[in-house]
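J.: Here's a structure for you.
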Amino acid sequence: MKRLLLRNLCSMTKFIDIGANLTDPMYQGIYNGSTKHEPDLCRVLQRSWTGGLDKIIVTVGTLSDCEPTFDIVQNDGEGFEYLFELFATVGCHPTRCGEFVPDPEGYFASLCSQIEEHLDKVVAVGECGLDYDRLQFCEKDIQLKYFEKQLELAAKYDLPLFLHCRNAHDDFIDILQRNLDKLPKRGVVHTFDGTVEAAETLIAHGFSIGINGCSLKTEENLSVAAQIPDEWIMVETDSPWCEIRPSHAGSKYVKSKYPTVKKKEKWEPNSLIAGRCEPVMISQVLEVLAGIKGKPADELADQYYKNTLKMFFPKQVANS
């Protein structure tokens with residue numbers, strides 16, 4: 001009854017946030033190592049539900065992320081199990097692939113163990129890929145080797161990929177092309193900010209495109225996003241990052257306003273934090289896409305929801 005009551009009070013538009021970093025210290029009130037307010041993840045999740053979130057996929061970027069992620073996911077949000085469903089990815093971000101080096105087989109085996117222990121909650125392998133913008137964190141050869149290694153996880157567990165690509169399109173596509181036969185479920189390239197040609201190449205190989213605030217910063221970004229076919233788009237926040245800021249080109253299409261936004265030092269229990277993105281802000285991503293495509297937001301929301309179910313929750317599609 002409580003679940004039904006709350007659903008009736010919120011928007012009928014349903015969302016799945018395919019990428020949220022809910023283990024980030026900001027949701028514990030910690031910013032750059034300094035505590036500014038009490039932990040408020042429960043309140044963040046409450047706002048997510050009332051804003052139309054049906055599911056959230058929590059991003060894992062390193063083996064050490066797994067334990068805190070599954071603490072959240074298995075509790076469905078620290079007491080909010082009646083509200084919505086939380087799931088997770090398992091993988092190693094390209095900037096963290098150096099963690100493989102001391103014991104490659106041991107690290108890989110540990111990733112396998114995390115997937116096997118949480119099969120009911122793991123819906124993708126990732127966040128994995130290539131990032132040539134931040135080679136100071138992990139050199140190119142290491143990224144290449146252990147990105148391709150992680151594709152074995154997708155093959156072994158029959159999971160789609162949650163992918164990251166920054167300034168590395170040619171190598172990224174080369175690796176994916178070599179391994180297409182072992183990747184029947186393909187995956188999604190999240191926080192896409194590439195060219196139309198890059199998007200077309202990915203789509204031609206069966207990969208979807210994840211759009212969030214960082215995908216909608218410039219007029220060029222908007223032009224690219226407007227040309228991506230709706231049946232290949234999924235929406236995300238990448239929270240607590242990638243909010244749509246007033247300086248971003250996409251902001252002119254944003255309609256949703258939040259009544260209480262405070263600086264972190266002025267936090268109140270029901271306030272959003274200036275500069276900290278939350279899953280509830282996914283509605284703004286939808287509004288920008290609706291604006292640049294000239295289509296009804298509800299129509300797009302339904303399409304993106306179906307796209308996400310098809311890739312990450314096929315059993316739900318089969319049973320519907």
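Simple scheme: letters A, B, ... for chains in structure tokens order, numbers from 1 for residues in each chain, numbers from 1 for ligands in the order shown.
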Using only C-alpha atoms, find each residue of range 125-183 of chain A with at least one atom at most 10 Å away from an atom of range 207-224 of chain A; report its shortest atom-to-atom pair and that distance in Å (one decimal), sort the rows by chain and rising residue number, and return the result as a Markdown table.
T.:
| residue | atom | partner | partner_atom | distance |
| --- | --- | --- | --- | --- |
| A:Pro160 | CA | A:Phe207 | CA | 9.5 |
| A:Leu161 | CA | A:Phe207 | CA | 9.0 |
| A:Phe162 | CA | A:Gly210 | CA | 9.3 |
| A:Leu163 | CA | A:Gly210 | CA | 9.3 |
| A:Leu176 | CA | A:Phe207 | CA | 9.8 |
J.: Per residue of range 84-108 of chain A within 12 Å of range 19-36 of chain A, what are the shortest atom pair and its distance in Å to one decimal, counting only C-alpha atoms, with rows by chain and residue number, as CSV?
T.:
residue,atom,partner,partner_atom,distance
A:Leu86,CA,A:Ala20,CA,10.3
A:Phe87,CA,A:Gly19,CA,10.0
A:Ala88,CA,A:Gly19,CA,8.8
A:Thr89,CA,A:Gly19,CA,8.9
J.: Residues as selected, C-alpha atoms, written as a CSV table (one decimal), in the first residue's frame, can you do that?
T.:
chain,number,residue,atom,x,y,z
A,86,LEU,CA,18.7,-0.7,-7.2
A,87,PHE,CA,21.2,-2.6,-9.3
A,88,ALA,CA,24.9,-2.4,-10.1
A,89,THR,CA,27.7,-2.8,-12.6
J.: Excluding Ala204 in chain A and its own-chain neighbours fewer than 2 positions away, which residues fall within 12 Å of it when counting only C-alpha atoms? Please give them as a PDB file with C-alpha atoms, in the first residue's frame.
T.:
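Written out: out17.pdb:
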ATOM      1  CA  ILE A 173      36.143   0.635 -31.585  1.00  0.00           C
ATOM      2  CA  LEU A 176      35.062  -3.874 -29.526  1.00  0.00           C
ATOM      3  CA  GLN A 177      35.107  -4.972 -33.182  1.00  0.00           C
ATOM      4  CA  LEU A 180      31.890  -8.678 -31.127  1.00  0.00           C
ATOM      5  CA  ARG A 186      26.601  -5.410 -26.561  1.00  0.00           C
ATOM      6  CA  GLU A 197      30.185   9.675 -36.918  1.00  0.00           C
ATOM      7  CA  ALA A 198      31.355   8.044 -33.662  1.00  0.00           C
ATOM      8  CA  ALA A 199      27.755   7.501 -32.567  1.00  0.00           C
ATOM      9  CA  GLU A 200      26.844   6.021 -35.943  1.00  0.00           C
ATOM     10  CA  THR A 201      29.773   3.592 -35.764  1.00  0.00           C
ATOM     11  CA  LEU A 202      28.791   2.437 -32.286  1.00  0.00           C
ATOM     12  CA  GLY A 206      24.766  -2.594 -31.797  1.00  0.00           C
ATOM     13  CA  PHE A 207      25.892  -0.327 -28.950  1.00  0.00           C
ATOM     14  CA  SER A 208      23.531   2.176 -27.325  1.00  0.00           C
ATOM     15  CA  ILE A 209      24.324   5.755 -26.370  1.00  0.00           C
ATOM     16  CA  ILE A 228      20.984  10.069 -32.475  1.00  0.00           C
ATOM     17  CA  PRO A 229      17.970   7.811 -33.148  1.00  0.00           C
ATOM     18  CA  TRP A 232      19.445   3.848 -29.319  1.00  0.00           C
TER      19      TRP A 232
END
J.: Nearest to Gly61 in chain A: which of A:Val125, A:Asp40, A:Ile244, A:Leu286 is it, counting only C-alpha atoms?
T.: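 Under the stated criterion, the closest residue is A:Val125.
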J.: DSSP on the backbone: which residues in range 150-240 of chain A end up as strand (DSSP E)? Give the answer as JSON, numbers by chain.
T.: {"A": [161, 162, 163, 164, 165, 166, 187, 188, 189, 208, 209, 210, 211, 233, 234, 235]}
J.: Would you mind exporting C-alpha atoms of the selected residues as a tab-separated table (two decimals), in the first residue's frame?
T.:
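As a result, part_26.tsv now contains:
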chain	number	residue	atom	x	y	z
A	161	LEU	CA	28.78	-3.61	-21.03
A	162	PHE	CA	28.71	-0.21	-19.33
A	163	LEU	CA	31.39	1.59	-21.31
A	164	HIS	CA	33.61	4.66	-20.97
A	165	CYS	CA	35.42	6.34	-23.88
A	166	ARG	CA	37.35	9.60	-23.75
A	187	GLY	CA	26.19	-2.50	-24.12
A	188	VAL	CA	25.97	1.26	-23.74
A	189	VAL	CA	28.63	3.96	-24.06
A	208	SER	CA	23.53	2.18	-27.32
A	209	ILE	CA	24.32	5.76	-26.37
A	210	GLY	CA	24.06	7.08	-22.80
A	211	ILE	CA	23.18	10.77	-22.48
A	233	ILE	CA	19.39	6.34	-26.43
A	234	MET	CA	19.40	5.75	-22.68
A	235	VAL	CA	19.41	8.49	-20.04
J.: In Å, with one decimal, what is the gap from CA of Phe15 in chain A to CA of Ile282 in chain A?
T.: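 The value is 7.8 Å.
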J.: With only C-alpha atoms as the basis for distance, which of A:Lys156, A:Val261, A:Pro94, A:Ile115 is at the shortest distance from Lys140 in chain A?
T.: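 So, comparing all the options, the nearest one is A:Pro94.
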J.: Would you mind reading off the distance between CA of Ile16 in chain A and CA of Ala154 in chain A, one decimal, in Å?
T.: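 CA of Ile16 in chain A sits 21.3 Å away from CA of Ala154 in chain A.
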J.: Could you state the separation of CA of Gln114 in chain A and CA of His169 in chain A in Å, given to one decimal place?
T.: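 Atom-to-atom, CA of Gln114 in chain A to CA of His169 in chain A, that is 29.1 Å.
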J.: Counting only C-alpha atoms, what is within 7 Å of Asn307 in chain A, bar same-chain residues fewer than 3 positions away, as a PyMOL selection string?
T.: chain A and resi 231+234+303-304+310-311
J.: Calculated over only C-alpha atoms, which of the candidates A:Thr308, A:Gln150, A:Asn167, A:Asn179 has the smallest distance to Thr195 in chain A?
T.: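 That would be A:Asn167, the residue with the smallest distance to Thr195 in chain A.
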J.: Could you give me the residues within range 74-218 of chain A that DSSP places in alpha helix (DSSP H), as an MDAnalysis selection string?
T.: chainID A and resid 74 104:117 140:157 169:178 196:204
J.: Between A:Asp302, A:Glu67, A:Asp131, A:Glu287, which residue has the minimum interatomic distance to Thr95 in chain A, considering only C-alpha atoms?
T.: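 For Thr95 in chain A, the nearest of the given residues is A:Asp131.
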J.: Near Thr260 in chain A, within 7 Å and counting only C-alpha atoms, which residues show up once chain neighbours fewer than 2 positions away are dropped, as a VMD selection string?
T.: chain A and resid 258 262 271 to 272
J.: Which one of A:Gly194, A:Gly250, A:Pro39, A:Gly91 sits closest to Cys128 in chain A if you count only C-alpha atoms?
T.: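 For Cys128 in chain A, the nearest of the given residues is A:Gly91.
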J.: Using only C-alpha atoms, which protein or nucleic acid residues come within 9 Å of Arg276 in chain A? Drop anything in the same chain fewer than 4 positions from it, and give the result as a VMD selection string.
T.: chain A and resid 26 239 to 243 264 272
J.: Contacts of Glu116 in chain A at 12 Å or less, counting only C-alpha atoms, minus same-chain residues fewer than 6 places along, as JSON, numbers by chain?
T.: {"A": [90, 109, 110, 122, 123, 153, 156, 157]}
J.: Once you have the residues from the selection above, write them out as a PDB file, in the first residue's frame, restricted to all heavy atoms.
T.:
ATOM      1  N   VAL A  90      29.688  -4.160 -12.385  1.00  0.00           N
ATOM      2  CA  VAL A  90      30.949  -4.587 -11.766  1.00  0.00           C
ATOM      3  C   VAL A  90      32.045  -4.501 -12.820  1.00  0.00           C
ATOM      4  O   VAL A  90      31.926  -5.109 -13.897  1.00  0.00           O
ATOM      5  CB  VAL A  90      30.877  -6.021 -11.198  1.00  0.00           C
ATOM      6  CG1 VAL A  90      32.278  -6.527 -10.845  1.00  0.00           C
ATOM      7  CG2 VAL A  90      29.986  -6.075  -9.972  1.00  0.00           C
ATOM      8  N   ALA A 109      39.804 -12.628 -10.934  1.00  0.00           N
ATOM      9  CA  ALA A 109      39.032 -13.617 -10.169  1.00  0.00           C
ATOM     10  C   ALA A 109      38.159 -12.944  -9.120  1.00  0.00           C
ATOM     11  O   ALA A 109      37.025 -13.389  -8.855  1.00  0.00           O
ATOM     12  CB  ALA A 109      39.976 -14.620  -9.511  1.00  0.00           C
ATOM     13  N   SER A 110      38.656 -11.866  -8.537  1.00  0.00           N
ATOM     14  CA  SER A 110      37.857 -11.146  -7.537  1.00  0.00           C
ATOM     15  C   SER A 110      36.659 -10.465  -8.179  1.00  0.00           C
ATOM     16  O   SER A 110      35.569 -10.428  -7.584  1.00  0.00           O
ATOM     17  CB  SER A 110      38.734 -10.111  -6.820  1.00  0.00           C
ATOM     18  OG  SER A 110      39.736 -10.743  -6.047  1.00  0.00           O
ATOM     19  N   VAL A 122      23.647  -7.652 -10.338  1.00  0.00           N
ATOM     20  CA  VAL A 122      24.600  -7.164 -11.340  1.00  0.00           C
ATOM     21  C   VAL A 122      23.963  -7.244 -12.724  1.00  0.00           C
ATOM     22  O   VAL A 122      23.584  -8.325 -13.169  1.00  0.00           O
ATOM     23  CB  VAL A 122      25.909  -7.981 -11.313  1.00  0.00           C
ATOM     24  CG1 VAL A 122      26.871  -7.478 -12.397  1.00  0.00           C
ATOM     25  CG2 VAL A 122      26.568  -7.879  -9.941  1.00  0.00           C
ATOM     26  N   VAL A 123      23.872  -6.103 -13.393  1.00  0.00           N
ATOM     27  CA  VAL A 123      23.212  -6.064 -14.700  1.00  0.00           C
ATOM     28  C   VAL A 123      24.165  -5.714 -15.836  1.00  0.00           C
ATOM     29  O   VAL A 123      23.764  -5.716 -17.001  1.00  0.00           O
ATOM     30  CB  VAL A 123      22.020  -5.084 -14.700  1.00  0.00           C
ATOM     31  CG1 VAL A 123      20.938  -5.550 -13.731  1.00  0.00           C
ATOM     32  CG2 VAL A 123      22.461  -3.657 -14.384  1.00  0.00           C
ATOM     33  N   LEU A 153      34.615 -10.959 -19.032  1.00  0.00           N
ATOM     34  CA  LEU A 153      33.556 -11.017 -18.008  1.00  0.00           C
ATOM     35  C   LEU A 153      32.180 -10.983 -18.656  1.00  0.00           C
ATOM     36  O   LEU A 153      31.270 -11.716 -18.263  1.00  0.00           O
ATOM     37  CB  LEU A 153      33.701  -9.851 -17.032  1.00  0.00           C
ATOM     38  CG  LEU A 153      34.918  -9.831 -16.117  1.00  0.00           C
ATOM     39  CD1 LEU A 153      35.010  -8.495 -15.393  1.00  0.00           C
ATOM     40  CD2 LEU A 153      34.845 -10.969 -15.106  1.00  0.00           C
ATOM     41  N   LYS A 156      31.616 -14.351 -20.232  1.00  0.00           N
ATOM     42  CA  LYS A 156      31.459 -15.420 -19.250  1.00  0.00           C
ATOM     43  C   LYS A 156      30.099 -15.383 -18.575  1.00  0.00           C
ATOM     44  O   LYS A 156      29.483 -16.439 -18.338  1.00  0.00           O
ATOM     45  CB  LYS A 156      32.562 -15.310 -18.193  1.00  0.00           C
ATOM     46  CG  LYS A 156      32.516 -16.401 -17.126  1.00  0.00           C
ATOM     47  CD  LYS A 156      33.725 -16.315 -16.200  1.00  0.00           C
ATOM     48  CE  LYS A 156      33.706 -17.445 -15.179  1.00  0.00           C
ATOM     49  NZ  LYS A 156      34.908 -17.441 -14.311  1.00  0.00           N
ATOM     50  N   TYR A 157      29.611 -14.194 -18.262  1.00  0.00           N
ATOM     51  CA  TYR A 157      28.368 -14.066 -17.499  1.00  0.00           C
ATOM     52  C   TYR A 157      27.185 -13.591 -18.346  1.00  0.00           C
ATOM     53  O   TYR A 157      26.113 -13.319 -17.808  1.00  0.00           O
ATOM     54  CB  TYR A 157      28.585 -13.133 -16.304  1.00  0.00           C
ATOM     55  CG  TYR A 157      29.612 -13.691 -15.341  1.00  0.00           C
ATOM     56  CD1 TYR A 157      30.901 -13.162 -15.277  1.00  0.00           C
ATOM     57  CD2 TYR A 157      29.310 -14.783 -14.528  1.00  0.00           C
ATOM     58  CE1 TYR A 157      31.852 -13.695 -14.419  1.00  0.00           C
ATOM     59  CE2 TYR A 157      30.254 -15.326 -13.665  1.00  0.00           C
ATOM     60  CZ  TYR A 157      31.522 -14.772 -13.619  1.00  0.00           C
ATOM     61  OH  TYR A 157      32.458 -15.310 -12.775  1.00  0.00           O
TER      62      TYR A 157
END
